[in-house]
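Peer 1: Okay, here's the structure, questions in a sec.
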Amino acid sequence: MTHSPIARTPLLAMLLTAAIAAGGTAALVRHAPLSAQTVVVPTVPPAASVRGLPDFTDLVDLVGPSVVNIRTLERASTAGTGGTGPDEQMLEFFKRFGIPIPPGMTPRGPRQERGPSEEAQPRGVGSGFILSADGLIMTNAHVVDGADELIVTLPDKREFKAKVVGTDKRTDVAVVKIEASGLTAVKIGDVNRLRVGEWVMAIGSPFGLENTVTAGIVSAKQRDTGDFLPFIQTDVAINPGNSGGPLINMRGEVVGINSQIYSRSGGFQGISFAIPIDEAVRVSDQLRATGRVTRGRIGVQIDQVSKDVAESIGLGQPKGALVRGVEPNSPAAKAGVEPGDIILKFDGKEIDKSVDLPRLVGNTKPGNKSSMTVFRRGSQRELSVTVAELEPERPEVKAAAPEPAKAQSSNALQALGLSLAELTAAEKKELSLKSGVRIASAEGPAARAGLREGDVIVAIANTETASVKDVETALGKLEKSRPVNVLFRRGEWAQYAVIRAPR
């Protein structure tokens with residue numbers, strides 16, 4: 001006669017449960033022949049200590065008096081349609097994050113010139129926080145952008161008209177001023193101490209609901225969503241009207257400005273982004289001093305370095321910033337930077353990703369002489385560049401299409417799917433090139449690598465190419481099965497391609 005397993009014997013199951021609850025070692029033996037082994041249930045380890053959920057009440061009492069509501073107004077003619085139009089907060093939100101405007105919610109037309117019959121109409125709602133006791137307030141640039149009037153409401157319900165001290169659209173930071181005194185300023189925290197997984201809290205005016213508190217954790221740091229800002233990513237609930245409000249750590253310090261969300265529906269979906277407070281303070285200091293932000297520039301167009309390119313040119317790891325183009329007469333051009341160079345260091349600081357370079361250069365004072373380490377055709381070089389001031393972006397100028405030339409194609413080129421032509425003197429001058437060969441046609445492996453007719457090959461296999469013969473010579477020195485790295489120009493910009501010939 002056999003017995004049921006322990007899991008199906010109620011009495012034994014109860015004994016097992018009791019033994020586990022008592023924290024001891026439970027050893028149960030079922031009736032079986034003497035040759036059967038004893039079944040031993042291992043000791044259950046003591047329960048891990050569980051921390052209690054955070055209490056935000058003290059933080060709200062501490063920081064709440066420093067968080068303000070900002071209403072923006074615009075001058076609109078009273079002769080138009082009756083009422084105030086659509087929900088301006090939602091329109092601002094849709095516009096800010098590029099979300100299609102739902103049917104039936106049509107924004108008003110462009111504002112007309114001011115006249116005696118015009119009056120202020122609500123335009124949007126945002127948040128901000130007090131920087132100083134005399135009324136300096138920090139918020140987002142997009143909150144105050146285009147507003148004719150700003151109304152700041154304090155937590156004690158006092159209202160003030162505010163004036164804009166300065167805005168910086170690149171970082172989305174703005175500073176405004178109200179005429180008040182004895183205000184409670186926030187305490188600025190250290191972003192470097194902020195850790196992923198740490199609890200944080202936000203206070204703001206989502207959908208115009210003042211003094212609303214939400215909380216969550218830091219999901220990631222150094223999140224790349226812009227040229228000049230590595231954002232703090234959180235899962236704190238952020239919605240229209242929260243923009244410009246503070247992100248607060250458990251010490252009651254402001255570590256960021258709530259600025260953006262990721263959403264497919266128009267509402268919060270668990271991902272929000274905050275501007276690191278150290279970056280925001282750096283910008284606000286310049287805005288308070290001069291009303292504008294000064295940044296450095298060296299005049300290069302850059303791109304990421306792919307793994308395939310890094311391996312094929314001998315760089316090893318995909319790091320640095322690939323120089324696709326150099327502006328004529330720019331600091332980089334004067335320093336000797338060439339398209340195809342990979343900038344590995346700037347002022348002694350490593351460039352891990354391409355976005356690191358504009359941040360380092362942008363934070364450098366114009367006129368400063370900085371060092372750069374570049375990787376060029378298999379070796380590193382040290383260059384010195386004098387940083388200039390960042391100018392407004394120039395429209396991209398496309399190079400004229402090259403004139404047809406007689407194509408040449410040897411067996412080595414045909415294996416790669418390439419047909420090449422020499423560059424004329426006029427083409428070299430137009431493209432500002434000393435040497436290179438033009439692609440007359442690209443098929444098979446070359447086309448799959450991204451090359452196309454009209455591209456100009458500047459170097460192949462880390463060897464500069466002045467003629468079609470140079471290309472053929474370089475290819476003759478390579479193993480047939482080895483991938484071939486190609487540095488080429490397309491219009492003004494340079495980039496790499498890796499051609500993998502069929503085996």
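A note on labels: chains of the structure tokens are A, B, ... as shown, every chain counts residues from 1, and ligands are counted from 1 in their shown order.
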Any idea what's packed within 6 Å of segment 484-493 of chain A, counting only C-alpha atoms, ignoring anything in its chain fewer than 4 positions away? Could you give it as a list in words?
Peer 2: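 Residues meeting the cut-off are Ser312, Arg324, Gly325, Lys398, Ala399, Asp455, Val456, Ile457, Val458, Ala459, Ile460, Ala461, Ala497, Val498 and Ile499 of chain A.
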Peer 1: Which neighbours of Leu423 of chain A fall inside 7 Å, counting only C-alpha atoms, when residues of the same chain fewer than 2 positions from it are skipped, and could you give them as a list in words?
Peer 2: Ala421, Ala425, Glu427, Lys428, Gly436, Val437 and Arg438 of chain A
Peer 1: How many Å lie between atom CA of Arg295 of chain A and atom CA of Glu389 of chain A, rounded to one decimal?
Peer 2: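 We find that atom CA of Arg295 of chain A and atom CA of Glu389 of chain A lie 5.7 Å from each other.
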Peer 1: Could you work out how far atom CA of Val176 of chain A lies from atom CA of Lys161 of chain A, giving the answer in Å with one decimal?
Peer 2: 10.0 Å
Peer 1: Using only C-alpha atoms, determine which residues lie at most 9 Å from Ala147 of chain A, disregarding the query and same-chain residues fewer than 6 positions distant; provide the list as a list in words.
Peer 2: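 My list of contacting residues is Thr72, Leu73, Glu74, Arg75, Arg123 and Gly124 of chain A.
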Peer 1: Considering only C-alpha atoms, return as a PDB file with C-alpha atoms, in the first residue's frame whatever protein or nucleic-acid residues lie within 6 Å of segment 187-200 of chain A, sequence-local ones (same chain, fewer than 6 positions apart) excluded.
Peer 2:
```pdb
ATOM      1  CA  ALA A 215       5.713  60.890  -6.270  1.00  0.00           C
ATOM      2  CA  GLY A 216       7.758  58.087  -7.808  1.00  0.00           C
ATOM      3  CA  ILE A 217      11.338  56.981  -8.296  1.00  0.00           C
ATOM      4  CA  VAL A 218      14.283  57.977 -10.463  1.00  0.00           C
ATOM      5  CA  SER A 219      14.121  55.650 -13.483  1.00  0.00           C
ATOM      6  CA  ALA A 220      17.390  56.705 -15.134  1.00  0.00           C
ATOM      7  CA  ILE A 248      12.399  67.056  -5.025  1.00  0.00           C
ATOM      8  CA  ASN A 249      14.510  64.408  -3.280  1.00  0.00           C
ATOM      9  CA  GLU A 253      16.116  69.569  -2.052  1.00  0.00           C
ATOM     10  CA  VAL A 254      15.284  70.467  -5.639  1.00  0.00           C
ATOM     11  CA  VAL A 255      17.199  68.205  -8.037  1.00  0.00           C
TER      12      VAL A 255
END
```
Peer 1: Just list the residues in segment 186-305 of chain A DSSP gives strand (DSSP E) on the backbone, as a PyMOL selection string.
Peer 2: chain A and resi 187-188+199-204+212-224+230-234+246-248+253-261+272-276+296-297+300-303
Peer 1: Between atom CA of Glu327 of chain A and atom CA of Thr424 of chain A, what is the distance, to one decimal in Å?
Peer 2: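 Computing the Euclidean distance for atom CA of Glu327 of chain A and atom CA of Thr424 of chain A yields 22.2 Å.
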Peer 1: Point out the residue among A:Asp145, A:Asp134, A:Glu338, A:Glu210 with the least atom-to-atom distance to Pro240 of chain A, counting only C-alpha atoms.
Peer 2: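 Among the listed residues, A:Glu210 lies closest to Pro240 of chain A.
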Peer 1: Rank A:Ile277, A:Ala501, A:Ile257, A:Ile351 by their smallest atom-to-atom distance to Pro445 of chain A, using only C-alpha atoms, and report the top residue only.
Peer 2: A:Ala501
